[in-house]
Amino acid sequence: MNDELTVRTKELAGLNDDLRNILESIEMAVIVIDSRMRITLYNGVGQRLLQLNSMTHGMPTIESLEILFGCENLVGPVQQVRKTQLSITIKKEKQGRHYDLTLYPCRSLASEEVTGVVLTIKDITEQFLAEQQIRLSASVFDAANEAIVIADENNRIISVNPAFTEITGYSKSEVLGKGPKILNSGKQTKSFYRNLWHTLEESGCWKGEIWSKRKNGEIYPEWLSISALKEAGGGVSKYVGIFSDIVQSLKAQQLIHQQANFDALTQLPNRNLFYDRLQQAITKAQREQKLFGLMFIDLDGFKDINDALGHSLGDRVLQEVAARMAHIFRESDTFARFGGDEFTVLVPNLESETDMIAPTEKILEAIQIPIQADDHELNITASVGITIYPNDGREAETLLKNADNAMYSAKAEGRNAYRFFTQEMHEKAQRQHRIVNEIKNAVKFERFIVYYQPVVDLQSQRLCGAEALIRWQHPVRGFISPDEFIPVAESLNLIGQIGEFVLAKACDFIAGLNNELGVDLSIAVNFSSLQFVNSSCVDKWLDMINQSGVGTSNFVVEITESLMMSHKEHYVQQLQKLRSQGIKIALDDFGTGFSSLSYLKKLPVDIIKIDRTFIRDILVDSSDASLVESILDIANNFRLEVIAEGVEDEGQAEFLKARSCGYAQGYYYSKPLPEDEFKQFAVGKRFCDKIK
């Protein structure tokens, strides 16, 4: 019996060793729990997991497992397994790592009775993270706005995402197993695809713009990126294509390009694009030793049409004129709207300067054909300036400036004409540039002076007022005519400062003279249409007039027919405001421009001034005499006062007096005088009442 017991003991020890070896070979923690809820056995992985060492005394308890894995009641699942003989798996997370805790019933070999529970604990962190990554990738795949298509090594589609269906119109089932050729638009050549595949094989990826076809046959542009996924051995396992519909993006780019380079009204190249083409033409002509021509075109009288009939109709005129000119030029020419009513033309590859004459004459002929707009028949002409590269300049700015100067020369010489740039024009432009700088300095340092031309009552031959006239006595160049510097001042937006200078000087002088001599002279001041742009100026002028002491009843605002012709509501309201304060409105140079009886009826006018060109020959030219008589009759019918300008001899004065003209000014009475001389003139005359 002892020998048998020894043998059995050895066999049992061997079995225990085998069991221990088996337990230690298992890569998960194994913990045995007996029927009394005691831990009786665990392997090395379990020892490490339970953080046991040789210094730890006693077996761990089931309560320690509950604490270790955050299980509120591990005993319950253990008892459940013992009763049901079923395994239970519990998933737990501890400090960022994930575990599966699985309970298995431990049965007696003899009776199959559950005598305990075996607990296995497996670290599934890597598996959990991998699954999480797969779920994330799947979410990204399904939620991506870009279409994603995956093909196998034979370029057969094995998967697509919802965005693919949305963009192409093809469902997943319709494309699985097929090649991407189903999307081929036919717009790319075979060489394009050869280069694509060559790049893909060499670098493993290809990116670019490509045209594809939707299920409904619509062809659209897309941005496509293809990547080749390779196996460890180097062979391709998958192809991944990602693409997006760029129709809207291309439209936006085209819109930005259109807005940046083309005029919205005429659809012609704008100034920006013209500059670019001009620079290219200079580079090409310099390299090839060629000539090219540049035209600067400005419409004559367009501002008057714009002011009189409105900007909407003016825009239609510009569109019509642009369309007419566009038919004249070759495809190689660049015809652009430079701004406003200005156009430029670049004509390359000239044999000689005379090649510019034919197209220019065609332009002038095309433009002057009457334009029918609403109920108006409009007659438009143009002035054209021409420069030649390299004769007139080698830089873009120089060529444009010289063409502009030539255009102004054509305009000054009668309009509806063209002029080539010459050295004389260049010198004139330099003189004008000097005037610009000198005007700025004259305004800054108040170098202008005011002269006064007497206005006389024709019936009594008494002095009744004066017209204030600006003068510029240049310290070096001497007297400079207002006709020369006023237009420049207007273009520089300095006319407002000059006008207020004249207004202040004239009011102070007349107020002081009236007070000193005890008289009641009126003062007339000329106003440019540009001074009325700022509506707040009227209040400022009224303050200046009242503060000077001259009084609004002694003040006359002189305006030109161009302002009256525009008769925009904005201007009319300001004139009415001046008139409501007792100021009189005089229409200067009557008869020289766009005179209309409707203006006299609708607009606030008190006085008309007959231009000197009609007075000059009234004694020798019956037409002028009849015209003056007609103007006087019109004024009488409209109850307007009349001042005749440019009266130079007694015969003219008597002619006007006999026909009941109210007032006159001119060299017969006096030239414009500085303050001291005007005062002497006033003292030497008898006075009459101011203009009624």
# chains A, B, ... in the order shown; residues from 1 in each chain; ligands from 1

$ select_by_dssp --residues "segment 98-258 of chain A" --states "strand (DSSP E)" --output "VMD selection string"
chain A and resid 98 to 107 114 to 123 147 to 152 157 to 160 205 to 213 219 to 230 236 to 245

$ atom_distance --atom1 "atom CA of Leu268 of chain A" --atom2 "atom CA of Met325 of chain A"
11.0 Å

$ residues_around --residues "Ile545 of chain A" --least-positions-apart "4" --cutoff "9 Å" --atoms "only C-alpha atoms" --output "PDB file with C-alpha atoms, in the first residue's frame"
ATOM      1  CA  LEU A 503     -16.277 134.009 -52.849  1.00  0.00           C
ATOM      2  CA  ALA A 504     -14.672 135.173 -49.609  1.00  0.00           C
ATOM      3  CA  CYS A 507     -17.929 139.372 -50.506  1.00  0.00           C
ATOM      4  CA  ASP A 508     -15.500 141.104 -48.153  1.00  0.00           C
ATOM      5  CA  LYS A 540     -21.180 127.014 -46.088  1.00  0.00           C
ATOM      6  CA  TRP A 541     -21.550 129.573 -48.894  1.00  0.00           C
ATOM      7  CA  GLY A 549     -22.107 141.682 -44.470  1.00  0.00           C
ATOM      8  CA  VAL A 550     -22.789 141.906 -48.199  1.00  0.00           C
ATOM      9  CA  GLY A 551     -26.228 140.335 -47.767  1.00  0.00           C
ATOM     10  CA  THR A 552     -27.809 137.625 -49.886  1.00  0.00           C
ATOM     11  CA  PHE A 555     -25.281 138.336 -54.294  1.00  0.00           C
TER      12      PHE A 555
END

$ closest_residue --among "A:Ala260, A:Cys205, A:Ile615, A:Leu587" --to "Glu641 of chain A" --atoms "only C-alpha atoms"
A:Leu587

$ residues_around --residues "Ala489 of chain A" --least-positions-apart "2" --cutoff "12 Å" --atoms "only C-alpha atoms" --output "PDB file with C-alpha atoms, in the first residue's frame"
ATOM      1  CA  GLN A 432       0.539 121.366 -68.406  1.00  0.00           C
ATOM      2  CA  HIS A 433       2.359 119.254 -65.828  1.00  0.00           C
ATOM      3  CA  ILE A 435       0.825 124.199 -64.365  1.00  0.00           C
ATOM      4  CA  VAL A 436      -0.582 121.397 -62.239  1.00  0.00           C
ATOM      5  CA  ASN A 437       2.171 121.762 -59.662  1.00  0.00           C
ATOM      6  CA  GLU A 438       2.028 125.551 -59.798  1.00  0.00           C
ATOM      7  CA  ILE A 439      -1.753 125.558 -59.287  1.00  0.00           C
ATOM      8  CA  LYS A 440      -1.340 123.416 -56.189  1.00  0.00           C
ATOM      9  CA  ASN A 441       1.203 125.876 -54.829  1.00  0.00           C
ATOM     10  CA  ALA A 442      -0.915 128.886 -55.827  1.00  0.00           C
ATOM     11  CA  VAL A 443      -3.878 127.441 -53.900  1.00  0.00           C
ATOM     12  CA  PRO A 482      -8.250 131.382 -66.514  1.00  0.00           C
ATOM     13  CA  ASP A 483      -9.134 129.391 -69.633  1.00  0.00           C
ATOM     14  CA  GLU A 484      -5.786 127.640 -69.184  1.00  0.00           C
ATOM     15  CA  PHE A 485      -5.760 126.901 -65.457  1.00  0.00           C
ATOM     16  CA  ILE A 486      -9.451 126.559 -64.482  1.00  0.00           C
ATOM     17  CA  PRO A 487      -9.988 123.258 -66.410  1.00  0.00           C
ATOM     18  CA  SER A 491      -9.494 118.016 -63.033  1.00  0.00           C
ATOM     19  CA  LEU A 492      -7.390 118.198 -59.843  1.00  0.00           C
ATOM     20  CA  ASN A 493     -10.501 118.703 -57.684  1.00  0.00           C
ATOM     21  CA  LEU A 494      -9.094 122.051 -56.528  1.00  0.00           C
ATOM     22  CA  ILE A 495     -11.871 124.191 -57.981  1.00  0.00           C
ATOM     23  CA  GLY A 496     -13.773 124.111 -54.695  1.00  0.00           C
ATOM     24  CA  GLN A 497     -10.890 125.744 -52.805  1.00  0.00           C
ATOM     25  CA  ILE A 498     -10.357 128.314 -55.560  1.00  0.00           C
ATOM     26  CA  GLY A 499     -14.097 129.078 -55.734  1.00  0.00           C
ATOM     27  CA  SER A 528     -18.330 125.499 -61.410  1.00  0.00           C
ATOM     28  CA  LEU A 530     -18.148 120.552 -59.610  1.00  0.00           C
ATOM     29  CA  GLN A 531     -18.675 122.876 -56.642  1.00  0.00           C
TER      30      GLN A 531
END

$ residues_around --residues "segment 36-45 of chain A" --least-positions-apart "3" --cutoff "9 Å" --atoms "only C-alpha atoms" --output "list in words"
Arg20, Leu23, Glu24, Ser25, Ile26, Glu27, Met28, Ala29, Val30, Ile31, Val32, Ile33, Arg48, Leu49, Leu50, Met59, Pro60, Thr61, Ile62, Val75, Val78, Gln79, Gly116 and Val117 of chain A

$ residues_around --residues "Thr283 of chain A" --least-positions-apart "5" --cutoff "12 Å" --atoms "only C-alpha atoms" --output "ChimeraX atom specification"
/A:276-278,288-292,348,389-390,394-396

$ closest_residue --among "A:Gln254, A:Ser580, A:Ser212, A:Ser660" --to "Lys181 of chain A" --atoms "only C-alpha atoms"
A:Ser212

$ closest_residue --among "A:Ala336, A:Val683, A:Phe141, A:Lys207" --to "Gly518 of chain A" --atoms "only C-alpha atoms"
A:Val683

$ closest_atom_pairs --of "segment 363-413 of chain A" --to "segment 300-303 of chain A" --cutoff "7 Å" --atoms "only C-alpha atoms" --output "CSV"
residue,atom,partner,partner_atom,distance
A:Ile380,CA,A:Asp300,CA,6.5
A:Thr381,CA,A:Asp300,CA,5.3
A:Ala382,CA,A:Asp300,CA,5.1
A:Ser383,CA,A:Asp300,CA,6.7

$ select_by_dssp --residues "segment 136-340 of chain A" --states "helix (DSSP H, G or I)" --output "short mmCIF file (atom, residue, chain, number, x, y, z; two decimals) with N, CA and C atoms, in the first residue's frame"
data_model
loop_
_atom_site.label_atom_id
_atom_site.label_comp_id
_atom_site.auth_asym_id
_atom_site.auth_seq_id
_atom_site.Cartn_x
_atom_site.Cartn_y
_atom_site.Cartn_z
N LEU A 136 -13.46 54.01 -36.89
CA LEU A 136 -13.21 55.40 -37.25
C LEU A 136 -12.99 55.54 -38.75
N SER A 137 -12.20 54.64 -39.30
CA SER A 137 -11.93 54.69 -40.74
C SER A 137 -13.22 54.50 -41.54
N ALA A 138 -14.05 53.60 -41.05
CA ALA A 138 -15.32 53.36 -41.74
C ALA A 138 -16.21 54.60 -41.68
N SER A 139 -16.19 55.27 -40.51
CA SER A 139 -17.00 56.49 -40.36
C SER A 139 -16.50 57.58 -41.30
N VAL A 140 -15.17 57.73 -41.33
CA VAL A 140 -14.59 58.73 -42.22
C VAL A 140 -14.90 58.38 -43.68
N PHE A 141 -14.77 57.13 -44.01
CA PHE A 141 -15.04 56.66 -45.37
C PHE A 141 -16.47 57.01 -45.79
N ASP A 142 -17.43 56.76 -44.87
CA ASP A 142 -18.83 56.99 -45.20
C ASP A 142 -19.21 58.47 -45.14
N ALA A 143 -18.56 59.24 -44.23
CA ALA A 143 -18.96 60.63 -44.03
C ALA A 143 -18.18 61.62 -44.89
N PRO A 162 -20.56 56.73 -49.93
CA PRO A 162 -21.79 57.42 -50.36
C PRO A 162 -21.53 58.66 -51.21
N ALA A 163 -20.43 59.39 -50.95
CA ALA A 163 -20.14 60.59 -51.74
C ALA A 163 -19.90 60.24 -53.20
N PHE A 164 -19.36 59.05 -53.46
CA PHE A 164 -19.17 58.60 -54.84
C PHE A 164 -20.52 58.54 -55.55
N THR A 165 -21.50 57.95 -54.88
CA THR A 165 -22.84 57.85 -55.47
C THR A 165 -23.45 59.22 -55.69
N GLU A 166 -23.28 60.10 -54.69
CA GLU A 166 -23.85 61.44 -54.79
C GLU A 166 -23.26 62.22 -55.97
N ILE A 167 -21.95 62.09 -56.20
CA ILE A 167 -21.29 62.86 -57.25
C ILE A 167 -21.52 62.24 -58.63
N THR A 168 -21.38 60.91 -58.73
CA THR A 168 -21.44 60.26 -60.05
C THR A 168 -22.84 59.81 -60.44
N LYS A 172 -23.47 51.73 -55.43
CA LYS A 172 -22.36 50.82 -55.18
C LYS A 172 -22.49 49.54 -55.99
N SER A 173 -23.70 48.98 -56.06
CA SER A 173 -23.90 47.72 -56.77
C SER A 173 -23.65 47.85 -58.27
N GLU A 174 -23.82 49.06 -58.81
CA GLU A 174 -23.65 49.27 -60.25
C GLU A 174 -22.19 49.32 -60.68
N VAL A 175 -21.28 49.55 -59.72
CA VAL A 175 -19.88 49.71 -60.11
C VAL A 175 -18.97 48.62 -59.56
N PRO A 180 -12.77 51.70 -63.45
CA PRO A 180 -13.09 53.14 -63.41
C PRO A 180 -13.39 53.73 -64.78
N LYS A 181 -13.17 52.95 -65.85
CA LYS A 181 -13.47 53.46 -67.19
C LYS A 181 -14.94 53.83 -67.36
N ILE A 182 -15.78 53.32 -66.45
CA ILE A 182 -17.20 53.64 -66.53
C ILE A 182 -17.44 55.14 -66.38
N LEU A 183 -16.45 55.84 -65.77
CA LEU A 183 -16.56 57.29 -65.56
C LEU A 183 -15.85 58.09 -66.64
N LYS A 190 -5.45 59.34 -75.06
CA LYS A 190 -4.77 58.13 -74.62
C LYS A 190 -3.42 58.45 -74.01
N SER A 191 -2.73 59.45 -74.55
CA SER A 191 -1.43 59.83 -74.01
C SER A 191 -1.56 60.38 -72.59
N PHE A 192 -2.70 61.03 -72.31
CA PHE A 192 -2.93 61.54 -70.96
C PHE A 192 -2.96 60.39 -69.96
N TYR A 193 -3.70 59.32 -70.32
CA TYR A 193 -3.79 58.17 -69.40
C TYR A 193 -2.47 57.40 -69.33
N ARG A 194 -1.72 57.35 -70.42
CA ARG A 194 -0.40 56.71 -70.37
C ARG A 194 0.51 57.44 -69.39
N ASN A 195 0.50 58.76 -69.45
CA ASN A 195 1.32 59.55 -68.52
C ASN A 195 0.84 59.37 -67.08
N LEU A 196 -0.50 59.29 -66.90
CA LEU A 196 -1.05 59.10 -65.55
C LEU A 196 -0.54 57.79 -64.96
N TRP A 197 -0.66 56.69 -65.70
CA TRP A 197 -0.23 55.39 -65.18
C TRP A 197 1.27 55.31 -65.00
N HIS A 198 2.01 55.98 -65.86
CA HIS A 198 3.47 56.00 -65.71
C HIS A 198 3.85 56.69 -64.40
N THR A 199 3.21 57.82 -64.13
CA THR A 199 3.49 58.54 -62.89
C THR A 199 3.08 57.72 -61.68
N LEU A 200 1.93 57.04 -61.76
CA LEU A 200 1.45 56.22 -60.66
C LEU A 200 2.40 55.07 -60.36
N GLU A 201 2.92 54.46 -61.41
CA GLU A 201 3.85 53.34 -61.22
C GLU A 201 5.19 53.81 -60.66
N GLU A 202 5.64 54.99 -61.10
CA GLU A 202 6.94 55.50 -60.68
C GLU A 202 6.92 56.02 -59.24
N SER A 203 5.91 56.82 -58.93
CA SER A 203 5.90 57.51 -57.62
C SER A 203 4.87 56.97 -56.65
N VAL A 247 -16.87 71.80 -60.13
CA VAL A 247 -17.64 72.66 -61.03
C VAL A 247 -17.80 74.05 -60.43
N GLN A 248 -18.29 74.12 -59.18
CA GLN A 248 -18.51 75.41 -58.55
C GLN A 248 -17.21 76.16 -58.33
N SER A 249 -16.16 75.41 -57.98
CA SER A 249 -14.86 76.05 -57.76
C SER A 249 -14.34 76.69 -59.04
N LEU A 250 -14.50 75.97 -60.17
CA LEU A 250 -14.05 76.53 -61.45
C LEU A 250 -14.89 77.74 -61.84
N LYS A 251 -16.20 77.67 -61.57
CA LYS A 251 -17.06 78.81 -61.87
C LYS A 251 -16.64 80.03 -61.05
N ALA A 252 -16.31 79.79 -59.78
CA ALA A 252 -15.87 80.90 -58.91
C ALA A 252 -14.56 81.49 -59.41
N GLN A 253 -13.64 80.61 -59.83
CA GLN A 253 -12.37 81.08 -60.37
C GLN A 253 -12.58 81.89 -61.65
N GLN A 254 -13.47 81.39 -62.49
CA GLN A 254 -13.76 82.10 -63.74
C GLN A 254 -14.40 83.45 -63.47
N LEU A 255 -15.29 83.49 -62.45
CA LEU A 255 -15.93 84.76 -62.09
C LEU A 255 -14.90 85.76 -61.57
N ILE A 256 -14.00 85.28 -60.70
CA ILE A 256 -12.95 86.16 -60.17
C ILE A 256 -12.07 86.67 -61.29
N HIS A 257 -11.70 85.76 -62.21
CA HIS A 257 -10.87 86.17 -63.35
C HIS A 257 -11.61 87.18 -64.22
N GLN A 258 -12.91 86.93 -64.44
CA GLN A 258 -13.71 87.83 -65.27
C GLN A 258 -13.79 89.21 -64.63
N GLN A 259 -14.07 89.24 -63.33
CA GLN A 259 -14.20 90.53 -62.63
C GLN A 259 -12.88 91.26 -62.57
N ALA A 260 -11.78 90.52 -62.47
CA ALA A 260 -10.47 91.16 -62.34
C ALA A 260 -9.94 91.68 -63.67
N ASN A 261 -10.39 91.09 -64.79
CA ASN A 261 -9.77 91.40 -66.07
C ASN A 261 -10.71 91.93 -67.14
N ARG A 271 -8.74 97.85 -67.69
CA ARG A 271 -7.43 98.48 -67.61
C ARG A 271 -6.37 97.49 -67.15
N ASN A 272 -6.71 96.64 -66.18
CA ASN A 272 -5.75 95.69 -65.64
C ASN A 272 -5.24 94.74 -66.72
N LEU A 273 -6.17 94.14 -67.47
CA LEU A 273 -5.78 93.20 -68.53
C LEU A 273 -5.07 93.93 -69.67
N PHE A 274 -5.49 95.17 -69.97
CA PHE A 274 -4.84 95.91 -71.05
C PHE A 274 -3.38 96.19 -70.71
N TYR A 275 -3.11 96.56 -69.47
CA TYR A 275 -1.72 96.78 -69.04
C TYR A 275 -0.89 95.51 -69.24
N ASP A 276 -1.47 94.38 -68.88
CA ASP A 276 -0.75 93.12 -69.02
C ASP A 276 -0.45 92.84 -70.50
N ARG A 277 -1.45 93.02 -71.36
CA ARG A 277 -1.25 92.80 -72.81
C ARG A 277 -0.23 93.80 -73.37
N LEU A 278 -0.27 95.03 -72.87
CA LEU A 278 0.67 96.04 -73.35
C LEU A 278 2.10 95.68 -72.98
N GLN A 279 2.30 95.20 -71.75
CA GLN A 279 3.65 94.78 -71.34
C GLN A 279 4.14 93.61 -72.19
N GLN A 280 3.25 92.67 -72.49
CA GLN A 280 3.62 91.54 -73.35
C GLN A 280 3.98 92.03 -74.75
N ALA A 281 3.21 92.99 -75.27
CA ALA A 281 3.48 93.52 -76.61
C ALA A 281 4.83 94.22 -76.66
N ILE A 282 5.17 94.95 -75.59
CA ILE A 282 6.47 95.63 -75.54
C ILE A 282 7.60 94.61 -75.57
N THR A 283 7.47 93.56 -74.76
CA THR A 283 8.50 92.52 -74.72
C THR A 283 8.66 91.84 -76.08
N LYS A 284 7.55 91.50 -76.69
CA LYS A 284 7.58 90.82 -78.00
C LYS A 284 8.14 91.74 -79.09
N ALA A 285 7.69 93.00 -79.11
CA ALA A 285 8.16 93.93 -80.14
C ALA A 285 9.64 94.22 -79.98
N GLN A 286 10.10 94.28 -78.73
CA GLN A 286 11.52 94.53 -78.49
C GLN A 286 12.36 93.35 -78.98
N ARG A 287 11.85 92.13 -78.74
CA ARG A 287 12.59 90.94 -79.14
C ARG A 287 12.61 90.79 -80.66
N GLU A 288 11.50 91.10 -81.32
CA GLU A 288 11.37 90.88 -82.76
C GLU A 288 11.64 92.13 -83.59
N PHE A 302 -19.84 113.05 -74.11
CA PHE A 302 -20.57 111.97 -73.43
C PHE A 302 -21.06 112.42 -72.05
N LYS A 303 -20.28 113.24 -71.37
CA LYS A 303 -20.68 113.71 -70.04
C LYS A 303 -22.02 114.46 -70.10
N ASP A 304 -22.20 115.25 -71.15
CA ASP A 304 -23.46 115.99 -71.28
C ASP A 304 -24.65 115.03 -71.43
N ILE A 305 -24.45 113.97 -72.20
CA ILE A 305 -25.52 112.97 -72.36
C ILE A 305 -25.79 112.28 -71.03
N ASN A 306 -24.74 111.92 -70.33
CA ASN A 306 -24.87 111.26 -69.03
C ASN A 306 -25.63 112.13 -68.05
N ASP A 307 -25.26 113.42 -68.01
CA ASP A 307 -25.89 114.34 -67.06
C ASP A 307 -27.33 114.63 -67.44
N ALA A 308 -27.58 114.79 -68.74
CA ALA A 308 -28.92 115.19 -69.18
C ALA A 308 -29.91 114.03 -69.18
N LEU A 309 -29.46 112.83 -69.55
CA LEU A 309 -30.39 111.72 -69.75
C LEU A 309 -30.23 110.59 -68.74
N HIS A 311 -27.50 108.03 -66.12
CA HIS A 311 -26.42 107.05 -66.28
C HIS A 311 -26.90 105.76 -66.94
N SER A 312 -28.15 105.41 -66.74
CA SER A 312 -28.65 104.17 -67.35
C SER A 312 -28.60 104.26 -68.87
N LEU A 313 -29.09 105.37 -69.40
CA LEU A 313 -29.04 105.54 -70.85
C LEU A 313 -27.59 105.71 -71.31
N GLY A 314 -26.79 106.41 -70.49
CA GLY A 314 -25.37 106.55 -70.83
C GLY A 314 -24.67 105.22 -70.94
N ASP A 315 -25.02 104.28 -70.05
CA ASP A 315 -24.42 102.94 -70.12
C ASP A 315 -24.80 102.23 -71.41
N ARG A 316 -26.03 102.40 -71.85
CA ARG A 316 -26.45 101.79 -73.11
C ARG A 316 -25.71 102.37 -74.29
N VAL A 317 -25.43 103.66 -74.22
CA VAL A 317 -24.65 104.30 -75.29
C VAL A 317 -23.25 103.71 -75.32
N LEU A 318 -22.64 103.53 -74.15
CA LEU A 318 -21.29 102.95 -74.10
C LEU A 318 -21.28 101.53 -74.66
N GLN A 319 -22.30 100.75 -74.34
CA GLN A 319 -22.38 99.39 -74.86
C GLN A 319 -22.50 99.38 -76.38
N GLU A 320 -23.31 100.28 -76.92
CA GLU A 320 -23.49 100.35 -78.37
C GLU A 320 -22.21 100.77 -79.06
N VAL A 321 -21.56 101.80 -78.51
CA VAL A 321 -20.30 102.28 -79.10
C VAL A 321 -19.23 101.20 -79.04
N ALA A 322 -19.14 100.50 -77.91
CA ALA A 322 -18.14 99.44 -77.76
C ALA A 322 -18.40 98.32 -78.77
N ALA A 323 -19.67 97.96 -78.97
CA ALA A 323 -20.00 96.90 -79.93
C ALA A 323 -19.63 97.30 -81.35
N ARG A 324 -19.86 98.55 -81.68
CA ARG A 324 -19.51 99.02 -83.04
C ARG A 324 -18.00 98.95 -83.27
N MET A 325 -17.24 99.41 -82.29
CA MET A 325 -15.78 99.42 -82.46
C MET A 325 -15.20 98.02 -82.46
N ALA A 326 -15.79 97.11 -81.66
CA ALA A 326 -15.24 95.76 -81.55
C ALA A 326 -15.20 95.04 -82.88
#

$ atom_distance --atom1 "atom CA of Pro77 of chain A" --atom2 "atom CA of Pro105 of chain A"
10.9 Å

$ closest_residue --among "A:Ala417, A:Ile523, A:Cys537, A:Leu627" --to "Val455 of chain A" --atoms "only C-alpha atoms"
A:Ile523

$ decode --residues "segment 220-232 of chain A" --atoms "N, CA and C atoms" --output "PDB file, in the first residue's frame"
ATOM      1  N   TYR A 220     -18.283  66.606 -66.255  1.00  0.00           N
ATOM      2  CA  TYR A 220     -17.949  67.594 -65.228  1.00  0.00           C
ATOM      3  C   TYR A 220     -16.463  67.487 -64.875  1.00  0.00           C
ATOM      4  N   PRO A 221     -15.872  68.560 -64.343  1.00  0.00           N
ATOM      5  CA  PRO A 221     -14.467  68.516 -63.934  1.00  0.00           C
ATOM      6  C   PRO A 221     -14.346  68.040 -62.491  1.00  0.00           C
ATOM      7  N   GLU A 222     -13.302  67.299 -62.207  1.00  0.00           N
ATOM      8  CA  GLU A 222     -13.054  66.876 -60.831  1.00  0.00           C
ATOM      9  C   GLU A 222     -11.563  66.952 -60.534  1.00  0.00           C
ATOM     10  N   TRP A 223     -11.258  67.089 -59.254  1.00  0.00           N
ATOM     11  CA  TRP A 223      -9.864  67.030 -58.812  1.00  0.00           C
ATOM     12  C   TRP A 223      -9.640  65.632 -58.255  1.00  0.00           C
ATOM     13  N   LEU A 224      -8.732  64.863 -58.869  1.00  0.00           N
ATOM     14  CA  LEU A 224      -8.555  63.441 -58.571  1.00  0.00           C
ATOM     15  C   LEU A 224      -7.168  63.184 -57.995  1.00  0.00           C
ATOM     16  N   SER A 225      -7.146  62.364 -56.947  1.00  0.00           N
ATOM     17  CA  SER A 225      -5.885  61.897 -56.365  1.00  0.00           C
ATOM     18  C   SER A 225      -5.928  60.377 -56.313  1.00  0.00           C
ATOM     19  N   ILE A 226      -4.920  59.717 -56.902  1.00  0.00           N
ATOM     20  CA  ILE A 226      -4.852  58.247 -56.918  1.00  0.00           C
ATOM     21  C   ILE A 226      -3.592  57.810 -56.185  1.00  0.00           C
ATOM     22  N   SER A 227      -3.742  56.844 -55.282  1.00  0.00           N
ATOM     23  CA  SER A 227      -2.599  56.283 -54.558  1.00  0.00           C
ATOM     24  C   SER A 227      -2.580  54.771 -54.747  1.00  0.00           C
ATOM     25  N   ALA A 228      -1.381  54.225 -54.922  1.00  0.00           N
ATOM     26  CA  ALA A 228      -1.207  52.777 -55.059  1.00  0.00           C
ATOM     27  C   ALA A 228      -0.723  52.223 -53.722  1.00  0.00           C
ATOM     28  N   LEU A 229      -1.494  51.299 -53.111  1.00  0.00           N
ATOM     29  CA  LEU A 229      -1.106  50.664 -51.846  1.00  0.00           C
ATOM     30  C   LEU A 229      -0.340  49.382 -52.173  1.00  0.00           C
ATOM     31  N   LYS A 230       0.858  49.269 -51.636  1.00  0.00           N
ATOM     32  CA  LYS A 230       1.730  48.148 -52.008  1.00  0.00           C
ATOM     33  C   LYS A 230       1.872  47.156 -50.869  1.00  0.00           C
ATOM     34  N   GLU A 231       2.105  45.884 -51.250  1.00  0.00           N
ATOM     35  CA  GLU A 231       2.346  44.820 -50.287  1.00  0.00           C
ATOM     36  C   GLU A 231       3.799  44.848 -49.839  1.00  0.00           C
ATOM     37  N   ALA A 232       4.111  43.979 -48.877  1.00  0.00           N
ATOM     38  CA  ALA A 232       5.490  43.928 -48.375  1.00  0.00           C
ATOM     39  C   ALA A 232       6.468  43.567 -49.482  1.00  0.00           C
TER      40      ALA A 232
END
